[in-house]
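Asker: upload-v6.txt is reproduced in full below (compact mmCIF, N, CA and C atoms).
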# COMPACT_ATOMS: atom_id res chain seq x y z
N MET A 5 -136.69 -27.56 132.62
CA MET A 5 -137.49 -27.08 133.73
C MET A 5 -137.64 -28.19 134.76
N SER A 6 -137.43 -27.85 136.02
CA SER A 6 -137.54 -28.85 137.08
C SER A 6 -139.00 -29.09 137.43
N PRO A 7 -139.31 -30.28 137.95
CA PRO A 7 -140.70 -30.57 138.33
C PRO A 7 -141.12 -29.73 139.53
N PHE A 8 -142.43 -29.52 139.64
CA PHE A 8 -142.99 -28.74 140.74
C PHE A 8 -142.69 -29.42 142.07
N ARG A 9 -142.29 -28.62 143.03
CA ARG A 9 -142.05 -29.10 144.39
C ARG A 9 -142.75 -28.15 145.35
N SER A 10 -143.72 -28.65 146.07
CA SER A 10 -144.45 -27.82 147.01
C SER A 10 -143.63 -27.59 148.27
N HIS A 11 -143.74 -26.40 148.82
CA HIS A 11 -143.10 -26.05 150.08
C HIS A 11 -144.15 -25.82 151.17
N MET A 12 -145.37 -26.30 150.92
CA MET A 12 -146.43 -26.09 151.89
C MET A 12 -146.14 -26.82 153.21
N HIS A 13 -145.41 -27.92 153.17
CA HIS A 13 -145.07 -28.62 154.41
C HIS A 13 -144.28 -27.69 155.35
N HIS A 14 -143.43 -26.87 154.78
CA HIS A 14 -142.64 -25.92 155.58
C HIS A 14 -143.57 -24.83 156.15
N ALA A 15 -144.51 -24.34 155.34
CA ALA A 15 -145.47 -23.34 155.81
C ALA A 15 -146.33 -23.93 156.93
N LEU A 16 -146.72 -25.18 156.81
CA LEU A 16 -147.51 -25.83 157.86
C LEU A 16 -146.70 -25.95 159.15
N SER A 17 -145.41 -26.20 159.03
CA SER A 17 -144.54 -26.24 160.20
C SER A 17 -144.50 -24.89 160.90
N GLU A 18 -144.42 -23.82 160.12
CA GLU A 18 -144.46 -22.46 160.69
C GLU A 18 -145.80 -22.18 161.35
N ALA A 19 -146.88 -22.70 160.77
CA ALA A 19 -148.21 -22.52 161.36
C ALA A 19 -148.32 -23.26 162.69
N ARG A 20 -147.77 -24.47 162.77
CA ARG A 20 -147.78 -25.21 164.03
C ARG A 20 -146.98 -24.46 165.10
N ALA A 21 -145.85 -23.90 164.72
CA ALA A 21 -145.04 -23.14 165.67
C ALA A 21 -145.81 -21.90 166.16
N ALA A 22 -146.55 -21.26 165.26
CA ALA A 22 -147.36 -20.10 165.65
C ALA A 22 -148.42 -20.53 166.67
N ALA A 23 -149.08 -21.65 166.42
CA ALA A 23 -150.10 -22.14 167.36
C ALA A 23 -149.48 -22.42 168.73
N ALA A 24 -148.29 -22.99 168.74
CA ALA A 24 -147.61 -23.28 170.01
C ALA A 24 -147.30 -22.01 170.79
N ARG A 25 -147.17 -20.88 170.08
CA ARG A 25 -146.92 -19.58 170.73
C ARG A 25 -148.23 -18.88 171.11
N GLY A 26 -149.37 -19.51 170.81
CA GLY A 26 -150.66 -18.90 171.11
C GLY A 26 -151.16 -17.98 170.01
N GLU A 27 -150.53 -18.05 168.87
CA GLU A 27 -150.93 -17.23 167.71
C GLU A 27 -151.88 -18.04 166.81
N VAL A 28 -152.69 -17.35 166.04
CA VAL A 28 -153.50 -18.04 165.04
C VAL A 28 -152.54 -18.79 164.12
N PRO A 29 -152.77 -20.09 163.90
CA PRO A 29 -151.81 -20.91 163.16
C PRO A 29 -151.81 -20.67 161.65
N VAL A 30 -151.06 -19.66 161.26
CA VAL A 30 -150.85 -19.38 159.84
C VAL A 30 -149.34 -19.31 159.64
N GLY A 31 -148.87 -19.99 158.60
CA GLY A 31 -147.45 -19.98 158.28
C GLY A 31 -147.24 -19.62 156.82
N ALA A 32 -146.08 -19.02 156.54
CA ALA A 32 -145.75 -18.60 155.18
C ALA A 32 -144.28 -18.87 154.89
N VAL A 33 -144.01 -19.20 153.64
CA VAL A 33 -142.65 -19.46 153.18
C VAL A 33 -142.49 -18.79 151.82
N ILE A 34 -141.33 -18.14 151.63
CA ILE A 34 -141.03 -17.55 150.32
C ILE A 34 -139.85 -18.30 149.72
N VAL A 35 -140.04 -18.66 148.45
CA VAL A 35 -139.06 -19.46 147.72
C VAL A 35 -138.55 -18.64 146.55
N SER A 36 -137.23 -18.62 146.37
CA SER A 36 -136.62 -17.87 145.27
C SER A 36 -136.81 -18.62 143.95
N ALA A 37 -136.46 -17.97 142.87
CA ALA A 37 -136.62 -18.55 141.54
C ALA A 37 -135.85 -19.86 141.39
N ASP A 38 -134.76 -20.02 142.13
CA ASP A 38 -133.98 -21.26 142.03
C ASP A 38 -134.53 -22.38 142.92
N GLY A 39 -135.62 -22.11 143.64
CA GLY A 39 -136.28 -23.13 144.45
C GLY A 39 -135.84 -23.18 145.90
N GLY A 40 -134.95 -22.28 146.31
CA GLY A 40 -134.49 -22.26 147.70
C GLY A 40 -135.38 -21.41 148.58
N VAL A 41 -135.61 -21.86 149.80
CA VAL A 41 -136.39 -21.09 150.77
C VAL A 41 -135.54 -19.92 151.25
N ILE A 42 -136.05 -18.70 151.11
CA ILE A 42 -135.30 -17.51 151.55
C ILE A 42 -135.94 -16.83 152.75
N ALA A 43 -137.17 -17.21 153.09
CA ALA A 43 -137.82 -16.64 154.27
C ALA A 43 -138.96 -17.54 154.70
N ALA A 44 -139.18 -17.58 156.00
CA ALA A 44 -140.29 -18.35 156.56
C ALA A 44 -140.75 -17.65 157.83
N ALA A 45 -142.05 -17.67 158.07
CA ALA A 45 -142.59 -16.99 159.25
C ALA A 45 -143.96 -17.55 159.60
N GLY A 46 -144.31 -17.38 160.85
CA GLY A 46 -145.66 -17.67 161.31
C GLY A 46 -146.22 -16.40 161.91
N ASN A 47 -147.52 -16.38 162.13
CA ASN A 47 -148.14 -15.20 162.73
C ASN A 47 -147.46 -14.83 164.05
N ARG A 48 -147.31 -13.53 164.30
CA ARG A 48 -146.73 -13.03 165.55
C ARG A 48 -147.43 -11.74 166.00
N THR A 49 -148.72 -11.62 165.69
CA THR A 49 -149.44 -10.39 166.03
C THR A 49 -149.50 -10.16 167.53
N ARG A 50 -149.76 -11.21 168.29
CA ARG A 50 -149.86 -11.08 169.74
C ARG A 50 -148.48 -10.85 170.36
N GLU A 51 -147.54 -11.66 169.95
CA GLU A 51 -146.18 -11.58 170.50
C GLU A 51 -145.56 -10.20 170.28
N LEU A 52 -145.74 -9.66 169.08
CA LEU A 52 -145.13 -8.37 168.75
C LEU A 52 -146.06 -7.18 169.01
N CYS A 53 -147.29 -7.46 169.47
CA CYS A 53 -148.29 -6.39 169.66
C CYS A 53 -148.40 -5.54 168.40
N ASP A 54 -148.54 -6.24 167.27
CA ASP A 54 -148.51 -5.59 165.95
C ASP A 54 -149.58 -6.24 165.07
N PRO A 55 -150.64 -5.52 164.75
CA PRO A 55 -151.69 -6.11 163.92
C PRO A 55 -151.25 -6.42 162.49
N THR A 56 -150.10 -5.91 162.08
CA THR A 56 -149.61 -6.21 160.73
C THR A 56 -148.64 -7.39 160.70
N ALA A 57 -148.37 -8.01 161.84
CA ALA A 57 -147.39 -9.10 161.91
C ALA A 57 -147.99 -10.44 161.49
N HIS A 58 -148.67 -10.43 160.35
CA HIS A 58 -149.18 -11.66 159.76
C HIS A 58 -148.01 -12.42 159.16
N ALA A 59 -148.15 -13.72 159.02
CA ALA A 59 -147.07 -14.56 158.49
C ALA A 59 -146.57 -14.06 157.14
N GLU A 60 -147.49 -13.68 156.26
CA GLU A 60 -147.10 -13.24 154.91
C GLU A 60 -146.26 -11.96 154.97
N ILE A 61 -146.68 -11.01 155.78
CA ILE A 61 -145.96 -9.73 155.89
C ILE A 61 -144.57 -9.97 156.45
N LEU A 62 -144.48 -10.78 157.50
CA LEU A 62 -143.17 -11.06 158.10
C LEU A 62 -142.26 -11.78 157.11
N ALA A 63 -142.80 -12.72 156.35
CA ALA A 63 -142.00 -13.43 155.36
C ALA A 63 -141.55 -12.50 154.23
N ILE A 64 -142.44 -11.63 153.78
CA ILE A 64 -142.07 -10.66 152.74
C ILE A 64 -140.96 -9.74 153.23
N ARG A 65 -141.09 -9.24 154.44
CA ARG A 65 -140.04 -8.38 155.01
C ARG A 65 -138.70 -9.10 155.07
N ALA A 66 -138.72 -10.34 155.55
CA ALA A 66 -137.48 -11.11 155.68
C ALA A 66 -136.87 -11.42 154.32
N ALA A 67 -137.70 -11.76 153.34
CA ALA A 67 -137.19 -12.07 152.00
C ALA A 67 -136.59 -10.83 151.35
N CYS A 68 -137.24 -9.69 151.49
CA CYS A 68 -136.71 -8.44 150.94
C CYS A 68 -135.37 -8.09 151.59
N ALA A 69 -135.29 -8.26 152.91
CA ALA A 69 -134.02 -7.99 153.61
C ALA A 69 -132.94 -8.96 153.15
N HIS A 70 -133.31 -10.23 152.99
CA HIS A 70 -132.35 -11.24 152.54
C HIS A 70 -131.78 -10.90 151.16
N LEU A 71 -132.66 -10.45 150.26
CA LEU A 71 -132.22 -10.13 148.90
C LEU A 71 -131.72 -8.70 148.75
N GLY A 72 -131.98 -7.86 149.76
CA GLY A 72 -131.55 -6.47 149.68
C GLY A 72 -132.30 -5.66 148.65
N GLN A 73 -133.59 -5.93 148.52
CA GLN A 73 -134.42 -5.21 147.55
C GLN A 73 -135.85 -5.12 148.06
N GLU A 74 -136.61 -4.17 147.49
CA GLU A 74 -137.97 -3.95 147.98
C GLU A 74 -139.02 -4.78 147.25
N ARG A 75 -138.64 -5.49 146.23
CA ARG A 75 -139.59 -6.32 145.49
C ARG A 75 -139.03 -7.72 145.32
N LEU A 76 -139.93 -8.66 145.08
CA LEU A 76 -139.55 -10.07 145.01
C LEU A 76 -139.99 -10.73 143.70
N PRO A 77 -139.63 -10.15 142.56
CA PRO A 77 -140.01 -10.78 141.29
C PRO A 77 -139.33 -12.14 141.17
N GLY A 78 -140.03 -13.10 140.67
CA GLY A 78 -139.48 -14.43 140.53
C GLY A 78 -139.61 -15.29 141.77
N CYS A 79 -140.14 -14.72 142.85
CA CYS A 79 -140.30 -15.47 144.10
C CYS A 79 -141.74 -15.96 144.24
N ASP A 80 -141.88 -17.10 144.91
CA ASP A 80 -143.18 -17.69 145.15
C ASP A 80 -143.47 -17.68 146.65
N LEU A 81 -144.74 -17.50 147.00
CA LEU A 81 -145.17 -17.50 148.40
C LEU A 81 -146.12 -18.66 148.64
N TYR A 82 -145.82 -19.43 149.67
CA TYR A 82 -146.69 -20.51 150.14
C TYR A 82 -147.24 -20.06 151.48
N VAL A 83 -148.55 -20.09 151.63
CA VAL A 83 -149.17 -19.69 152.90
C VAL A 83 -150.33 -20.63 153.18
N THR A 84 -150.50 -20.96 154.45
CA THR A 84 -151.47 -21.98 154.82
C THR A 84 -152.93 -21.52 154.74
N LEU A 85 -153.16 -20.22 154.77
CA LEU A 85 -154.52 -19.68 154.73
C LEU A 85 -154.60 -18.58 153.68
N GLU A 86 -155.73 -18.51 153.01
CA GLU A 86 -155.96 -17.44 152.03
C GLU A 86 -155.60 -16.09 152.64
N PRO A 87 -154.74 -15.33 151.97
CA PRO A 87 -154.33 -14.02 152.51
C PRO A 87 -155.51 -13.06 152.69
N CYS A 88 -155.42 -12.27 153.75
CA CYS A 88 -156.40 -11.22 154.02
C CYS A 88 -156.16 -10.08 153.02
N PRO A 89 -157.03 -9.09 152.97
CA PRO A 89 -156.83 -7.97 152.04
C PRO A 89 -155.49 -7.25 152.23
N MET A 90 -155.06 -7.04 153.48
CA MET A 90 -153.79 -6.37 153.73
C MET A 90 -152.63 -7.18 153.13
N CYS A 91 -152.64 -8.47 153.37
CA CYS A 91 -151.55 -9.32 152.87
C CYS A 91 -151.60 -9.46 151.35
N ALA A 92 -152.80 -9.55 150.80
CA ALA A 92 -152.93 -9.64 149.35
C ALA A 92 -152.35 -8.39 148.69
N SER A 93 -152.62 -7.24 149.26
CA SER A 93 -152.06 -6.00 148.73
C SER A 93 -150.54 -6.01 148.83
N ALA A 94 -150.00 -6.46 149.96
CA ALA A 94 -148.54 -6.53 150.13
C ALA A 94 -147.93 -7.50 149.12
N ILE A 95 -148.62 -8.60 148.84
CA ILE A 95 -148.14 -9.57 147.85
C ILE A 95 -148.05 -8.90 146.48
N SER A 96 -149.05 -8.12 146.14
CA SER A 96 -149.03 -7.38 144.88
C SER A 96 -147.90 -6.36 144.85
N GLN A 97 -147.75 -5.59 145.93
CA GLN A 97 -146.70 -4.57 145.99
C GLN A 97 -145.31 -5.20 145.91
N ALA A 98 -145.15 -6.39 146.48
CA ALA A 98 -143.85 -7.08 146.46
C ALA A 98 -143.58 -7.76 145.13
N ARG A 99 -144.58 -7.81 144.27
CA ARG A 99 -144.45 -8.43 142.94
C ARG A 99 -144.13 -9.94 143.03
N ILE A 100 -144.76 -10.60 144.00
CA ILE A 100 -144.62 -12.05 144.13
C ILE A 100 -145.09 -12.71 142.83
N ARG A 101 -144.32 -13.67 142.35
CA ARG A 101 -144.64 -14.33 141.07
C ARG A 101 -145.84 -15.26 141.20
N ARG A 102 -145.79 -16.15 142.20
CA ARG A 102 -146.87 -17.13 142.38
C ARG A 102 -147.28 -17.18 143.84
N LEU A 103 -148.58 -17.30 144.06
CA LEU A 103 -149.16 -17.45 145.39
C LEU A 103 -149.80 -18.82 145.47
N TYR A 104 -149.34 -19.62 146.43
CA TYR A 104 -149.93 -20.93 146.71
C TYR A 104 -150.52 -20.84 148.11
N TYR A 105 -151.81 -21.13 148.25
CA TYR A 105 -152.37 -21.12 149.60
C TYR A 105 -153.21 -22.35 149.85
N GLY A 106 -153.36 -22.66 151.14
CA GLY A 106 -154.08 -23.86 151.55
C GLY A 106 -155.56 -23.61 151.72
N ALA A 107 -155.99 -23.34 152.94
CA ALA A 107 -157.40 -23.17 153.25
C ALA A 107 -157.95 -21.83 152.76
N THR A 108 -159.20 -21.84 152.34
CA THR A 108 -159.86 -20.58 152.01
C THR A 108 -160.33 -19.93 153.32
N ASP A 109 -160.55 -18.63 153.27
CA ASP A 109 -160.97 -17.90 154.47
C ASP A 109 -162.23 -17.10 154.16
N PRO A 110 -163.40 -17.73 154.30
CA PRO A 110 -164.65 -17.04 153.98
C PRO A 110 -164.89 -15.78 154.80
N LYS A 111 -164.34 -15.71 156.02
CA LYS A 111 -164.57 -14.56 156.90
C LYS A 111 -163.65 -13.39 156.59
N SER A 112 -162.36 -13.66 156.38
CA SER A 112 -161.38 -12.57 156.27
C SER A 112 -160.51 -12.63 155.03
N GLY A 113 -160.79 -13.54 154.11
CA GLY A 113 -159.97 -13.67 152.92
C GLY A 113 -160.06 -12.46 152.00
N GLY A 114 -159.01 -12.25 151.24
CA GLY A 114 -158.98 -11.11 150.32
C GLY A 114 -158.61 -11.49 148.90
N VAL A 115 -158.54 -12.79 148.62
CA VAL A 115 -158.13 -13.25 147.29
C VAL A 115 -159.34 -13.80 146.54
N ALA A 116 -159.90 -14.91 147.00
CA ALA A 116 -161.07 -15.52 146.37
C ALA A 116 -162.36 -15.12 147.09
N GLN A 117 -162.21 -14.61 148.31
CA GLN A 117 -163.35 -14.19 149.13
C GLN A 117 -163.32 -12.66 149.26
N GLY A 118 -164.34 -12.13 149.88
CA GLY A 118 -164.35 -10.71 150.23
C GLY A 118 -164.01 -9.77 149.09
N PRO A 119 -163.05 -8.86 149.33
CA PRO A 119 -162.78 -7.81 148.34
C PRO A 119 -162.03 -8.26 147.09
N ARG A 120 -161.50 -9.46 147.07
CA ARG A 120 -160.79 -9.98 145.88
C ARG A 120 -159.81 -8.94 145.33
N ILE A 121 -158.82 -8.65 146.13
CA ILE A 121 -157.84 -7.59 145.87
C ILE A 121 -157.24 -7.66 144.47
N PHE A 122 -156.91 -8.85 144.02
CA PHE A 122 -156.22 -8.98 142.72
C PHE A 122 -157.14 -8.70 141.53
N ALA A 123 -158.45 -8.64 141.76
CA ALA A 123 -159.39 -8.36 140.68
C ALA A 123 -159.60 -6.87 140.45
N HIS A 124 -159.10 -6.03 141.34
CA HIS A 124 -159.31 -4.59 141.21
C HIS A 124 -158.40 -3.99 140.14
N PRO A 125 -158.91 -3.03 139.37
CA PRO A 125 -158.08 -2.39 138.36
C PRO A 125 -156.90 -1.62 138.96
N GLN A 126 -157.00 -1.25 140.23
CA GLN A 126 -155.91 -0.53 140.89
C GLN A 126 -154.77 -1.47 141.30
N CYS A 127 -154.98 -2.75 141.20
CA CYS A 127 -153.95 -3.73 141.56
C CYS A 127 -152.87 -3.72 140.47
N HIS A 128 -151.66 -3.36 140.85
CA HIS A 128 -150.58 -3.20 139.88
C HIS A 128 -149.94 -4.51 139.44
N HIS A 129 -150.07 -5.55 140.23
CA HIS A 129 -149.44 -6.82 139.89
C HIS A 129 -150.34 -7.96 140.34
N LEU A 130 -150.55 -8.90 139.48
CA LEU A 130 -151.36 -10.08 139.76
C LEU A 130 -150.48 -11.31 139.73
N PRO A 131 -150.29 -11.97 140.89
CA PRO A 131 -149.52 -13.20 140.87
C PRO A 131 -150.34 -14.34 140.27
N GLU A 132 -149.67 -15.39 139.83
CA GLU A 132 -150.37 -16.62 139.51
C GLU A 132 -150.88 -17.16 140.85
N ILE A 133 -152.10 -17.66 140.89
CA ILE A 133 -152.70 -18.09 142.15
C ILE A 133 -153.10 -19.55 142.07
N TYR A 134 -152.68 -20.31 143.09
CA TYR A 134 -153.03 -21.72 143.20
C TYR A 134 -153.58 -21.94 144.61
N GLU A 135 -154.82 -22.37 144.69
CA GLU A 135 -155.44 -22.54 146.01
C GLU A 135 -155.67 -24.01 146.31
N GLY A 136 -155.88 -24.29 147.60
CA GLY A 136 -156.22 -25.65 148.01
C GLY A 136 -155.03 -26.56 148.24
N ILE A 137 -153.81 -26.03 148.28
CA ILE A 137 -152.62 -26.84 148.49
C ILE A 137 -152.59 -27.28 149.96
N ASP A 138 -152.70 -28.58 150.21
CA ASP A 138 -152.75 -29.12 151.58
C ASP A 138 -153.81 -28.42 152.44
N ALA A 139 -154.93 -28.09 151.81
CA ALA A 139 -155.99 -27.36 152.51
C ALA A 139 -156.50 -28.12 153.73
N GLY A 140 -156.63 -29.43 153.63
CA GLY A 140 -157.14 -30.21 154.76
C GLY A 140 -156.28 -30.07 156.00
N ALA A 141 -154.97 -30.13 155.82
CA ALA A 141 -154.05 -30.00 156.97
C ALA A 141 -154.14 -28.60 157.57
N ALA A 142 -154.23 -27.58 156.72
CA ALA A 142 -154.34 -26.20 157.22
C ALA A 142 -155.66 -26.00 157.95
N GLU A 143 -156.74 -26.52 157.40
CA GLU A 143 -158.05 -26.40 158.05
C GLU A 143 -158.06 -27.11 159.40
N ASP A 144 -157.44 -28.29 159.48
CA ASP A 144 -157.38 -29.02 160.75
C ASP A 144 -156.64 -28.22 161.82
N LEU A 145 -155.53 -27.60 161.44
CA LEU A 145 -154.78 -26.77 162.39
C LEU A 145 -155.65 -25.64 162.93
N LEU A 146 -156.33 -24.95 162.04
CA LEU A 146 -157.18 -23.82 162.45
C LEU A 146 -158.34 -24.29 163.31
N ARG A 147 -158.99 -25.37 162.89
CA ARG A 147 -160.14 -25.90 163.64
C ARG A 147 -159.72 -26.30 165.06
N THR A 148 -158.59 -27.00 165.18
CA THR A 148 -158.10 -27.43 166.48
C THR A 148 -157.75 -26.23 167.36
N PHE A 149 -157.08 -25.23 166.77
CA PHE A 149 -156.69 -24.05 167.52
C PHE A 149 -157.93 -23.32 168.08
N PHE A 150 -158.91 -23.06 167.23
CA PHE A 150 -160.07 -22.31 167.68
C PHE A 150 -160.97 -23.12 168.61
N ALA A 151 -161.01 -24.44 168.45
CA ALA A 151 -161.76 -25.28 169.37
C ALA A 151 -161.16 -25.21 170.77
N GLY A 152 -159.84 -25.08 170.86
CA GLY A 152 -159.15 -24.96 172.12
C GLY A 152 -159.43 -23.65 172.84
N LEU A 153 -159.85 -22.65 172.11
CA LEU A 153 -160.17 -21.35 172.71
C LEU A 153 -161.57 -21.30 173.29
N ARG A 154 -162.41 -22.20 172.83
CA ARG A 154 -163.84 -22.18 173.24
C ARG A 154 -164.04 -22.88 174.55
If you took the structure in this file and wrote it as structure tokens, what would it be?
Answerer:
Amino acid sequence: MSPFRSHMHHALSEARAAAARGEVPVGAVIVSADGGVIAAAGNRTRELCDPTAHAEILAIRAACAHLGQERLPGCDLYVTLEPCPMCASAISQARIRRLYYGATDPKSGGVAQGPRIFAHPQCHHLPEIYEGIDAGAAEDLLRTFFAGLR
């Protein structure tokens, strides 16, 4: 078994690119079972005029297209912010193996905060969850972005 290698630096890069586009700085990366990055995305809700264009959803769509399948068993997702309820549900539906996220989201989170999607009996798949990965860097990006709006 190979040692753990975080891909959060790549997700943070996607979050910075999202901020540069005027989007909320959230980035996501999906890694296949062999450790290769198969999809990466940042938020594009404003650009695409699509409330579902969160980084996680876009990365899941791209990874499924890349693999030619509707589910991603054996794949891991790195995202800079705790997924919202919509994204948490999509993660479950996609059968993501492991979820690594940075900052918690007390206002809109759906994993450790709010509705805790993975705790519901209706949740068909529960990924392994690891929180707090490079949380400080993710929090700084968000804080800087929102301070610039005020």
Asker: Go through A:His11, A:Thr49, A:Gly78, A:Leu103 and flag the residue nearest A:Ala37, using all atoms listed in the file for the distances.
Answerer: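 Among the listed residues, A:Gly78 lies closest to A:Ala37.
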Asker: Take atom CA of A:Arg48 and atom CA of A:Ala94 and report the distance between them in Å, one decimal.
Answerer: 16.8 Å
Asker: Out of A:Ser36, A:Ala139, A:Cys91, A:Tyr105, which residue has the shortest atom-to-atom distance to A:Ala67 when counting only C-alpha atoms?
Answerer: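 Nearest to A:Ala67: A:Ser36.
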Asker: Rank nothing, just name the residue among A:His13, A:Leu76, A:Asp109, A:Ala32 nearest to A:Gln97, using only N, CA and C atoms.
Answerer: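 Closest candidate: A:Leu76.
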Asker: Within 7 Å of A:Ala23, counting only N, CA and C atoms, which residues show up once you throw out same-chain ones fewer than 6 positions away? Write them as a PDB file with N, CA and C atoms, in the frame of the given file, please.
Answerer:
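In the end it all went to selection.pdb:
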ATOM      1  N   PRO A  29    -152.770 -20.090 163.900  1.00  0.00           N
ATOM      2  CA  PRO A  29    -151.810 -20.910 163.160  1.00  0.00           C
ATOM      3  C   PRO A  29    -151.810 -20.670 161.650  1.00  0.00           C
ATOM      4  N   VAL A  30    -151.060 -19.660 161.260  1.00  0.00           N
ATOM      5  CA  VAL A  30    -150.850 -19.380 159.840  1.00  0.00           C
ATOM      6  C   VAL A  30    -149.340 -19.310 159.640  1.00  0.00           C
ATOM      7  N   ASN A  47    -147.520 -16.380 162.130  1.00  0.00           N
ATOM      8  CA  ASN A  47    -148.140 -15.200 162.730  1.00  0.00           C
ATOM      9  C   ASN A  47    -147.460 -14.830 164.050  1.00  0.00           C
ATOM     10  N   PHE A 149    -157.080 -25.230 166.770  1.00  0.00           N
ATOM     11  CA  PHE A 149    -156.690 -24.050 167.520  1.00  0.00           C
ATOM     12  C   PHE A 149    -157.930 -23.320 168.080  1.00  0.00           C
TER      13      PHE A 149
END
Asker: When distances are computed from only C-alpha atoms, which of A:Ala24, A:Ala98, A:Cys53, A:Ile61 shows the smallest separation from A:Gln73?
Answerer: A:Ala98
Asker: Taking all atoms listed in the file into account, which of A:Pro119, A:Glu132, A:Arg102, A:Ala63 comes nearest A:Pro89?
Answerer: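 Of A:Pro119, A:Glu132, A:Arg102, A:Ala63, the one nearest A:Pro89 is A:Pro119, counting all atoms listed in the file.
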Asker: Select from stretch 16-154 of chain A everything DSSP, run on the backbone, classes as strand (DSSP E or B), then give the selection as a PyMOL selection string.
Answerer: chain A and resi 31-35+41-46+80-85+102-107+132-135
Asker: Fewer than 4 positions away in the same chain doesn't count, so skip those; otherwise give me all residues within 7 Å of A:Ala116, counting all atoms listed in the file, as a list in words.
Answerer: Glu86, Arg120 and Ile121 of chain A
Asker: Would you return as a ChimeraX atom specification the members of chain A that DSSP assigns to helix (DSSP H, G or I) on this structure's backbone?
Answerer: /A:12-24,49-52,59-71,89-98,121-123,139-153
Asker: Counting all atoms listed in the file, figure out which residue out of A:Ala107, A:Leu153, A:Ala59, A:Ile100 gets nearest to A:Ala141.
Answerer: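 Among the listed residues, A:Ala107 lies closest to A:Ala141.
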Asker: Give me, please, the distance in Å between atom CA of A:Ile34 and atom N of A:Tyr82, quoted to one decimal.
Answerer: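 So the two atoms, atom CA of A:Ile34 and atom N of A:Tyr82, lie 5.2 Å apart.
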Asker: Quick one: distance from atom N of A:Gly39 to atom N of A:Cys79 in Å, one decimal?
Answerer: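 Atom N of A:Cys79 lies 8.7 Å from atom N of A:Gly39.
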Asker: Write out as a compact mmCIF listing (two decimals) with N, CA and C atoms, in the frame of the given file each polymer residue whose atoms come within 8 Å of A:Ser96, counting all atoms listed in the file; drop sequence neighbours fewer than 2 positions from it.
Answerer:
# COMPACT_ATOMS: atom_id res chain seq x y z
N MET A 90 -155.06 -7.04 153.48
CA MET A 90 -153.79 -6.37 153.73
C MET A 90 -152.63 -7.18 153.13
N CYS A 91 -152.64 -8.47 153.37
CA CYS A 91 -151.55 -9.32 152.87
C CYS A 91 -151.60 -9.46 151.35
N ALA A 92 -152.80 -9.55 150.80
CA ALA A 92 -152.93 -9.64 149.35
C ALA A 92 -152.35 -8.39 148.69
N SER A 93 -152.62 -7.24 149.26
CA SER A 93 -152.06 -6.00 148.73
C SER A 93 -150.54 -6.01 148.83
N ALA A 94 -150.00 -6.46 149.96
CA ALA A 94 -148.54 -6.53 150.13
C ALA A 94 -147.93 -7.50 149.12
N ALA A 98 -145.15 -6.39 146.48
CA ALA A 98 -143.85 -7.08 146.46
C ALA A 98 -143.58 -7.76 145.13
N ARG A 99 -144.58 -7.81 144.27
CA ARG A 99 -144.45 -8.43 142.94
C ARG A 99 -144.13 -9.94 143.03
N ILE A 100 -144.76 -10.60 144.00
CA ILE A 100 -144.62 -12.05 144.13
C ILE A 100 -145.09 -12.71 142.83
N PHE A 122 -156.91 -8.85 144.02
CA PHE A 122 -156.22 -8.98 142.72
C PHE A 122 -157.14 -8.70 141.53
N CYS A 127 -154.98 -2.75 141.20
CA CYS A 127 -153.95 -3.73 141.56
C CYS A 127 -152.87 -3.72 140.47
N HIS A 128 -151.66 -3.36 140.85
CA HIS A 128 -150.58 -3.20 139.88
C HIS A 128 -149.94 -4.51 139.44
N HIS A 129 -150.07 -5.55 140.23
CA HIS A 129 -149.44 -6.82 139.89
C HIS A 129 -150.34 -7.96 140.34
N LEU A 130 -150.55 -8.90 139.48
CA LEU A 130 -151.36 -10.08 139.76
C LEU A 130 -150.48 -11.31 139.73
N PRO A 131 -150.29 -11.97 140.89
CA PRO A 131 -149.52 -13.20 140.87
C PRO A 131 -150.34 -14.34 140.27
